[in-house]
file input04.csv (CSV, C-alpha atoms and all ligand atoms)
chain,number,residue,atom,x,y,z
E,23,MET,CA,76.2,108.7,71.7
E,24,ARG,CA,77.5,111.5,69.3
E,25,ARG,CA,80.2,113.7,70.8
E,26,LYS,CA,79.0,117.3,70.7
E,27,LEU,CA,80.6,120.0,68.6
E,28,VAL,CA,80.6,123.7,69.3
E,29,VAL,CA,81.8,126.0,66.5
E,30,GLY,CA,82.3,129.7,66.9
E,31,ASN,CA,81.6,131.7,63.7
E,32,TRP,CA,83.5,135.0,64.2
E,33,LYS,CA,82.0,136.4,61.0
E,34,MET,CA,83.8,139.7,60.0
E,35,HIS,CA,84.9,140.4,63.6
E,36,GLY,CA,88.2,140.4,65.3
E,37,SER,CA,91.7,141.9,65.2
E,38,ARG,CA,95.0,140.4,65.9
E,39,ALA,CA,95.1,142.1,69.3
E,40,ALA,CA,91.6,141.0,70.3
E,41,ASN,CA,92.0,137.5,69.0
E,42,GLU,CA,95.0,136.7,71.1
E,43,PRO,CA,93.4,136.8,74.5
E,44,LEU,CA,90.2,135.2,73.2
E,45,LEU,CA,92.1,132.2,71.8
E,46,ALA,CA,94.3,132.0,74.9
E,47,ALA,CA,91.3,132.0,77.2
E,48,ILE,CA,89.5,129.2,75.3
E,49,ALA,CA,92.7,127.1,75.3
E,50,GLN,CA,93.1,127.8,79.0
E,51,ALA,CA,89.6,126.6,79.8
E,52,ARG,CA,90.1,123.1,78.3
E,53,PRO,CA,89.2,120.3,78.4
E,54,PHE,CA,85.5,120.7,77.5
E,55,GLY,CA,84.2,117.2,77.0
E,56,CYS,CA,83.1,118.2,73.5
E,57,ASP,CA,84.8,119.2,70.2
E,58,VAL,CA,85.5,122.9,69.9
E,59,ALA,CA,86.4,125.0,66.9
E,60,VAL,CA,86.4,128.6,65.7
E,61,CYS,CA,85.9,129.7,62.1
E,62,ALA,CA,87.9,132.9,61.7
E,63,PRO,CA,88.3,135.4,58.9
E,64,PHE,CA,90.9,134.2,56.4
E,65,PRO,CA,93.7,136.6,57.5
E,66,TYR,CA,93.5,135.3,61.0
E,67,LEU,CA,93.8,131.6,60.2
E,68,SER,CA,97.6,131.6,60.7
E,69,GLU,CA,97.2,133.3,64.1
E,70,VAL,CA,94.6,130.7,65.2
E,71,ALA,CA,96.8,127.9,63.9
E,72,LEU,CA,99.8,129.2,65.8
E,73,ALA,CA,97.9,129.8,69.0
E,74,TRP,CA,96.2,126.4,69.0
E,75,ALA,CA,98.9,124.2,67.4
E,76,GLY,CA,99.3,120.8,68.7
E,77,GLY,CA,96.2,120.7,70.9
E,78,ASP,CA,92.7,119.3,70.4
E,79,LEU,CA,91.1,122.6,69.5
E,80,ARG,CA,90.1,123.0,65.9
E,81,TRP,CA,89.7,125.9,63.4
E,82,GLY,CA,88.2,126.6,60.1
E,83,ALA,CA,87.1,129.2,57.5
E,84,GLN,CA,83.8,130.8,56.8
E,85,ASP,CA,83.7,130.1,53.1
E,86,VAL,CA,85.7,128.3,50.4
E,87,SER,CA,86.0,128.6,46.6
E,88,VAL,CA,84.5,125.9,44.3
E,89,HIS,CA,87.7,126.3,42.2
E,90,GLU,CA,90.9,124.4,42.7
E,91,GLN,CA,93.1,127.4,41.6
E,92,GLY,CA,93.3,130.0,38.9
E,93,ALA,CA,92.3,133.5,38.0
E,94,TYR,CA,89.5,134.0,40.6
E,95,THR,CA,90.4,137.2,42.4
E,96,GLY,CA,89.4,137.2,46.0
E,97,GLU,CA,88.7,133.5,46.2
E,98,VAL,CA,90.4,131.1,48.6
E,99,SER,CA,90.8,127.4,47.7
E,100,ALA,CA,90.2,124.4,49.9
E,101,ALA,CA,93.9,123.4,49.4
E,102,MET,CA,94.9,126.7,50.9
E,103,LEU,CA,92.7,126.2,53.9
E,104,ALA,CA,94.1,122.7,54.3
E,105,GLU,CA,97.6,124.2,54.3
E,106,PHE,CA,96.6,126.3,57.3
E,107,GLY,CA,95.3,123.3,59.2
E,108,CYS,CA,91.6,124.1,58.7
E,109,ARG,CA,89.4,121.3,59.8
E,110,TYR,CA,86.2,123.0,58.7
E,111,ALA,CA,84.8,125.4,56.2
E,112,ILE,CA,81.3,126.9,56.7
E,113,VAL,CA,79.4,126.8,53.4
E,114,GLY,CA,76.0,128.3,52.6
E,115,HIS,CA,75.7,130.6,55.6
E,116,SER,CA,72.5,132.6,55.2
E,117,GLU,CA,74.5,135.8,55.0
E,118,ARG,CA,76.3,134.5,52.0
E,119,ARG,CA,73.1,133.1,50.4
E,120,GLN,CA,71.5,136.5,51.0
E,121,TYR,CA,74.3,139.0,50.3
E,122,HIS,CA,76.2,137.1,47.7
E,123,HIS,CA,73.3,135.3,46.1
E,124,GLU,CA,74.8,131.9,46.6
E,125,SER,CA,72.5,129.2,45.1
E,126,ASP,CA,71.8,125.7,46.6
E,127,GLN,CA,74.0,124.2,43.9
E,128,LEU,CA,76.9,126.6,44.5
E,129,VAL,CA,76.8,125.8,48.2
E,130,ALA,CA,76.8,122.1,47.3
E,131,ASP,CA,79.8,122.6,45.0
E,132,LYS,CA,81.6,124.4,47.7
E,133,ALA,CA,81.0,121.5,50.1
E,134,LYS,CA,82.4,119.1,47.5
E,135,ALA,CA,85.5,121.2,46.9
E,136,ALA,CA,86.1,121.4,50.7
E,137,LEU,CA,85.7,117.6,51.2
E,138,ALA,CA,88.0,116.9,48.2
E,139,ARG,CA,90.8,118.5,50.2
E,140,GLY,CA,89.9,116.9,53.5
E,141,VAL,CA,88.2,120.0,54.9
E,142,THR,CA,84.8,119.2,56.5
E,143,PRO,CA,82.1,121.4,55.2
E,144,ILE,CA,79.6,122.8,57.7
E,145,VAL,CA,76.6,123.2,55.5
E,146,CYS,CA,74.1,125.8,56.7
E,147,VAL,CA,70.4,125.6,56.0
E,148,GLY,CA,67.5,127.6,57.3
E,149,GLU,CA,64.3,129.4,56.5
E,150,SER,CA,63.5,133.1,56.6
E,151,LEU,CA,60.8,134.5,58.9
E,152,ALA,CA,58.4,134.9,55.9
E,153,GLN,CA,59.0,131.2,54.9
E,154,ARG,CA,58.3,130.0,58.4
E,155,GLU,CA,55.2,132.0,58.6
E,156,ALA,CA,54.1,130.7,55.3
E,157,GLY,CA,54.6,127.1,56.6
E,158,GLU,CA,57.5,126.5,54.2
E,159,THR,CA,60.2,125.6,56.7
E,160,ASP,CA,60.3,121.9,56.0
E,161,ALA,CA,60.3,122.4,52.2
E,162,VAL,CA,63.0,125.0,52.3
E,163,VAL,CA,65.5,123.2,54.5
E,164,LYS,CA,64.9,119.9,52.6
E,165,ARG,CA,65.5,121.6,49.3
E,166,GLN,CA,68.8,123.2,50.6
E,167,LEU,CA,70.0,119.9,52.0
E,168,SER,CA,69.0,117.9,49.0
E,169,ALA,CA,71.3,119.8,46.7
E,170,VAL,CA,74.2,118.9,48.9
E,171,ILE,CA,73.3,115.3,49.4
E,172,HIS,CA,73.0,114.9,45.6
E,173,THR,CA,76.3,116.5,44.9
E,174,LEU,CA,78.3,114.8,47.6
E,175,ALA,CA,76.7,111.4,46.8
E,176,HIS,CA,78.5,108.6,48.7
E,177,CYS,CA,80.5,111.2,50.7
E,178,ALA,CA,77.3,112.9,52.1
E,179,GLY,CA,78.0,111.3,55.5
E,180,GLU,CA,81.2,113.3,55.8
E,181,MET,CA,79.6,116.8,56.2
E,182,VAL,CA,78.4,118.6,59.3
E,183,VAL,CA,74.9,120.2,58.9
E,184,ALA,CA,73.9,123.4,60.7
E,185,TYR,CA,70.3,124.4,61.0
E,186,GLU,CA,70.2,128.2,61.3
E,187,PRO,CA,66.8,129.8,61.0
E,188,VAL,CA,67.5,133.2,59.5
E,189,TRP,CA,65.0,134.9,61.9
E,190,ALA,CA,67.1,133.7,64.8
E,191,ILE,CA,70.5,134.9,63.6
E,192,GLY,CA,71.8,137.9,65.6
E,193,THR,CA,68.3,138.8,66.7
E,194,GLY,CA,68.2,137.4,70.2
E,195,ARG,CA,65.2,135.4,69.1
E,196,THR,CA,66.2,131.8,69.5
E,197,ALA,CA,64.2,128.9,68.1
E,198,THR,CA,62.6,127.0,71.0
E,199,PRO,CA,64.3,123.6,71.7
E,200,GLU,CA,61.1,122.0,70.3
E,201,GLN,CA,61.2,124.0,67.1
E,202,ALA,CA,64.9,123.3,66.6
E,203,GLN,CA,64.5,119.6,67.4
E,204,ALA,CA,61.6,119.2,64.9
E,205,VAL,CA,63.8,120.5,62.0
E,206,HIS,CA,66.8,118.5,63.1
E,207,ALA,CA,64.7,115.3,63.2
E,208,LEU,CA,63.5,116.1,59.7
E,209,LEU,CA,67.1,116.7,58.5
E,210,ARG,CA,68.3,113.5,60.2
E,211,ALA,CA,65.5,111.5,58.4
E,212,GLN,CA,66.5,113.0,55.1
E,213,LEU,CA,70.1,112.1,55.7
E,214,GLN,CA,69.1,108.6,56.8
E,215,ALA,CA,67.5,108.0,53.4
E,216,ALA,CA,70.7,109.1,51.7
E,217,THR,CA,73.6,107.7,53.7
E,218,PRO,CA,74.3,104.8,56.1
E,219,HIS,CA,76.2,107.2,58.3
E,220,ALA,CA,73.3,109.5,59.2
E,221,SER,CA,73.1,108.4,62.8
E,222,ARG,CA,76.7,109.4,63.5
E,223,MET,CA,76.5,112.7,61.6
E,224,LYS,CA,76.6,116.0,63.6
E,225,LEU,CA,73.7,118.4,63.2
E,226,LEU,CA,74.3,121.8,64.8
E,227,TYR,CA,71.9,124.5,65.8
E,228,GLY,CA,72.7,128.1,65.2
E,229,GLY,CA,70.9,131.3,65.9
E,230,SER,CA,71.2,133.4,69.1
E,231,VAL,CA,72.7,130.5,71.1
E,232,LYS,CA,73.8,132.0,74.5
E,233,ALA,CA,75.2,130.5,77.7
E,234,ASP,CA,71.7,130.5,79.2
E,235,ASN,CA,69.9,128.6,76.4
E,236,ALA,CA,72.6,126.3,75.2
E,237,ARG,CA,72.0,123.5,77.6
E,238,THR,CA,68.4,122.9,76.8
E,239,LEU,CA,69.0,123.2,73.0
E,240,PHE,CA,71.9,120.7,73.2
E,241,ALA,CA,69.8,118.3,75.3
E,242,GLN,CA,67.5,117.7,72.3
E,243,PRO,CA,68.1,114.2,70.8
E,244,ASP,CA,69.1,115.4,67.3
E,245,ILE,CA,71.0,118.6,68.3
E,246,ASP,CA,74.7,117.7,68.4
E,247,GLY,CA,76.1,121.1,69.3
E,248,GLY,CA,76.0,124.7,68.0
E,249,LEU,CA,77.2,127.2,65.5
E,250,ILE,CA,77.7,130.3,67.6
E,251,GLY,CA,77.9,133.9,66.2
E,252,GLY,CA,77.9,136.8,68.6
E,253,ALA,CA,78.6,134.8,71.8
E,254,SER,CA,81.7,133.3,70.3
E,255,LEU,CA,83.5,136.7,70.4
E,256,LYS,CA,83.3,136.8,74.2
E,257,ALA,CA,85.6,134.3,75.9
E,258,ASP,CA,83.4,133.8,79.0
E,259,ASP,CA,80.2,133.3,76.9
E,260,PHE,CA,81.8,131.0,74.5
E,261,ILE,CA,83.4,128.9,77.2
E,262,ALA,CA,80.1,128.6,79.0
E,263,ILE,CA,78.5,127.4,75.9
E,264,CYS,CA,81.2,124.8,75.3
E,265,ARG,CA,80.8,123.7,78.9
E,266,ALA,CA,77.1,123.3,78.3
E,267,ALA,CA,77.8,120.9,75.5
E,268,GLY,CA,80.4,118.9,77.5
E,301,LIG,P1,74.3,134.6,66.3
E,301,LIG,O1,74.8,133.5,67.3
E,301,LIG,O2,75.0,135.9,66.5
E,301,LIG,O3,72.8,134.6,66.3
E,301,LIG,O4,74.8,134.0,64.9
E,301,LIG,C1,74.5,132.7,64.5
E,301,LIG,C2,75.2,132.4,63.3
E,301,LIG,O5,74.9,133.0,62.2
E,301,LIG,C3,76.3,131.5,63.4
E,301,LIG,O6,76.8,131.1,62.1

call {"tool": "encode", "arguments": {"input": "input04.csv", "output": "structure tokens"}}
result
Amino acid sequence: MRRKLVVGNWKMHGSRAANEPLLAAIAQARPFGCDVAVCAPFPYLSEVALAWAGGDLRWGAQDVSVHEQGAYTGEVSAAMLAEFGCRYAIVGHSERRQYHHESDQLVADKAKAALARGVTPIVCVGESLAQREAGETDAVVKRQLSAVIHTLAHCAGEMVVAYEPVWAIGTGRTATPEQAQAVHALLRAQLQAATPHASRMKLLYGGSVKADNARTLFAQPDIDGGLIGGASLKADDFIAICRAAG
């Protein structure tokens, strides 16, 4: 039985004043019976680390540089994230693939850079609405995951994978549990062919997960938790989702 993992992706939201009660409320609501993390904007990582120091709650970043260090203005390295106690780094979120033109290979290289510093990459894959309607879902997610499997090679079993259909992100339109499970099963099979650790790897679902749909999504055999956007900004909603996974 895989222990579930719920990760809040704050995206570009938050303020020092707003973060404090949110972090405190989540800490107060423990224990959850599942692993819980938030991926905060870079400037807030020290605030999260301070608020949650010494406990079992985890945190991470929303991106990481492929570079170790150097003249890369605006970039943040995996070593820097590790210094702030980051357990995770999201890589390949569809918003970065779309707005920053990140390629499958760049995403794979970011995953590798994170792992090299002991930061677990949460690798996002997912199809657009047009791709789903054209029947391309399986091919798209397999291609995205394949680049990472290839690049991580014998370390592929160390990543977390998040299936986030682009049409379900921030739209209120969640994939049905059956739709999500079908893609998760496909991804698990692909991982099984690549690593002996596939059956213990965590595969998260993301896209309009809310307190009222989390339980049925998390009950699917290959869904090991969620990557939560909007609902991770409201303490009550996020806590309810964590409880649904516990
Ligand atoms: P929403 O939960 O707001 O749909 O966002 C999902 C997401 O993109 C998490 O990374």

call {"tool": "residues_near_point", "arguments": {"input": "input04.csv", "point": "(76.5, 128.2, 68.7)", "cutoff": "8 Å", "atoms": "only C-alpha atoms", "output": "number ranges by chain"}}
result
E: 28-31, 226-232, 236, 247-251, 253-254, 263

call {"tool": "write_last_selection", "arguments": {"input": "input04.csv", "atoms": "C-alpha atoms", "output": "compact mmCIF listing (two decimals), keeping the file's coordinate frame"}}
result
# COMPACT_ATOMS: atom_id res chain seq x y z
CA VAL E 28 80.60 123.70 69.30
CA VAL E 29 81.80 126.00 66.50
CA GLY E 30 82.30 129.70 66.90
CA ASN E 31 81.60 131.70 63.70
CA LEU E 226 74.30 121.80 64.80
CA TYR E 227 71.90 124.50 65.80
CA GLY E 228 72.70 128.10 65.20
CA GLY E 229 70.90 131.30 65.90
CA SER E 230 71.20 133.40 69.10
CA VAL E 231 72.70 130.50 71.10
CA LYS E 232 73.80 132.00 74.50
CA ALA E 236 72.60 126.30 75.20
CA GLY E 247 76.10 121.10 69.30
CA GLY E 248 76.00 124.70 68.00
CA LEU E 249 77.20 127.20 65.50
CA ILE E 250 77.70 130.30 67.60
CA GLY E 251 77.90 133.90 66.20
CA ALA E 253 78.60 134.80 71.80
CA SER E 254 81.70 133.30 70.30
CA ILE E 263 78.50 127.40 75.90

call {"tool": "closest_residue", "arguments": {"input": "input04.csv", "among": "E:Leu174, E:Ile112, E:Ala266, E:Leu151", "to": "ligand LIG 301 (chain E)", "atoms": "only C-alpha atoms and all ligand atoms"}}
result
E:Ile112

call {"tool": "closest_residue", "arguments": {"input": "input04.csv", "among": "E:Gly76, E:Gly55, E:Pro199, E:Gly140", "to": "Ala111 in chain E", "atoms": "all atoms listed in the file"}}
result
E:Gly140

call {"tool": "residues_around", "arguments": {"input": "input04.csv", "residues": "Ala202 in chain E", "least_positions_apart": "2", "cutoff": "9 Å", "atoms": "only C-alpha atoms", "output": "PyMOL selection string"}}
result
chain E and resi 185-187+197-200+204-207+227+239+242+244-245

call {"tool": "axis_aligned_box", "arguments": {"input": "input04.csv", "around": "ligand LIG 301 (chain E)", "padding_each_side": "6 Å", "output": "JSON"}}
result
{"center_x": 74.8, "center_y": 133.5, "center_z": 64.7, "size_x": 16.0, "size_y": 16.8, "size_z": 17.2}

call {"tool": "closest_residue", "arguments": {"input": "input04.csv", "among": "E:Ser99, E:Thr159, E:Ser116, E:Ser168", "to": "ligand LIG 301 (chain E)", "atoms": "only C-alpha atoms and all ligand atoms"}}
result
E:Ser116

call {"tool": "atom_distance", "arguments": {"input": "input04.csv", "atom1": "CA of Gly36 in chain E", "atom2": "CA of Ser150 in chain E"}}
result
27.2 Å

call {"tool": "residues_near_point", "arguments": {"input": "input04.csv", "point": "(86.7, 118.0, 55.7)", "cutoff": "8 Å", "atoms": "all atoms listed in the file", "output": "MDAnalysis selection string"}}
result
chainID E and resid 109:111 136:143 180:181

call {"tool": "write_last_selection", "arguments": {"input": "input04.csv", "atoms": "C-alpha atoms", "output": "PDB file, keeping the file's coordinate frame"}}
result
ATOM      1  CA  ARG E 109      89.400 121.300  59.800  1.00  0.00           C
ATOM      2  CA  TYR E 110      86.200 123.000  58.700  1.00  0.00           C
ATOM      3  CA  ALA E 111      84.800 125.400  56.200  1.00  0.00           C
ATOM      4  CA  ALA E 136      86.100 121.400  50.700  1.00  0.00           C
ATOM      5  CA  LEU E 137      85.700 117.600  51.200  1.00  0.00           C
ATOM      6  CA  ALA E 138      88.000 116.900  48.200  1.00  0.00           C
ATOM      7  CA  ARG E 139      90.800 118.500  50.200  1.00  0.00           C
ATOM      8  CA  GLY E 140      89.900 116.900  53.500  1.00  0.00           C
ATOM      9  CA  VAL E 141      88.200 120.000  54.900  1.00  0.00           C
ATOM     10  CA  THR E 142      84.800 119.200  56.500  1.00  0.00           C
ATOM     11  CA  PRO E 143      82.100 121.400  55.200  1.00  0.00           C
ATOM     12  CA  GLU E 180      81.200 113.300  55.800  1.00  0.00           C
ATOM     13  CA  MET E 181      79.600 116.800  56.200  1.00  0.00           C
TER      14      MET E 181
END

call {"tool": "atom_distance", "arguments": {"input": "input04.csv", "atom1": "atom C1 of ligand LIG 301 (chain E)", "atom2": "CA of Ile191 in chain E"}}
result
4.7 Å

call {"tool": "closest_residue", "arguments": {"input": "input04.csv", "among": "E:Cys146, E:Ala46, E:Ala152, E:Leu103", "to": "ligand LIG 301 (chain E)", "atoms": "all atoms listed in the file"}}
result
E:Cys146

call {"tool": "atom_distance", "arguments": {"input": "input04.csv", "atom1": "CA of Val70 in chain E", "atom2": "CA of Asp234 in chain E"}}
result
26.8 Å

call {"tool": "closest_residue", "arguments": {"input": "input04.csv", "among": "E:Ala101, E:Leu128, E:Val162, E:Ala241", "to": "Gly268 in chain E", "atoms": "all atoms listed in the file"}}
result
E:Ala241

call {"tool": "closest_residue", "arguments": {"input": "input04.csv", "among": "E:Phe240, E:Phe106, E:Trp189, E:Trp81", "to": "ligand LIG 301 (chain E)", "atoms": "only C-alpha atoms and all ligand atoms"}}
result
E:Trp189
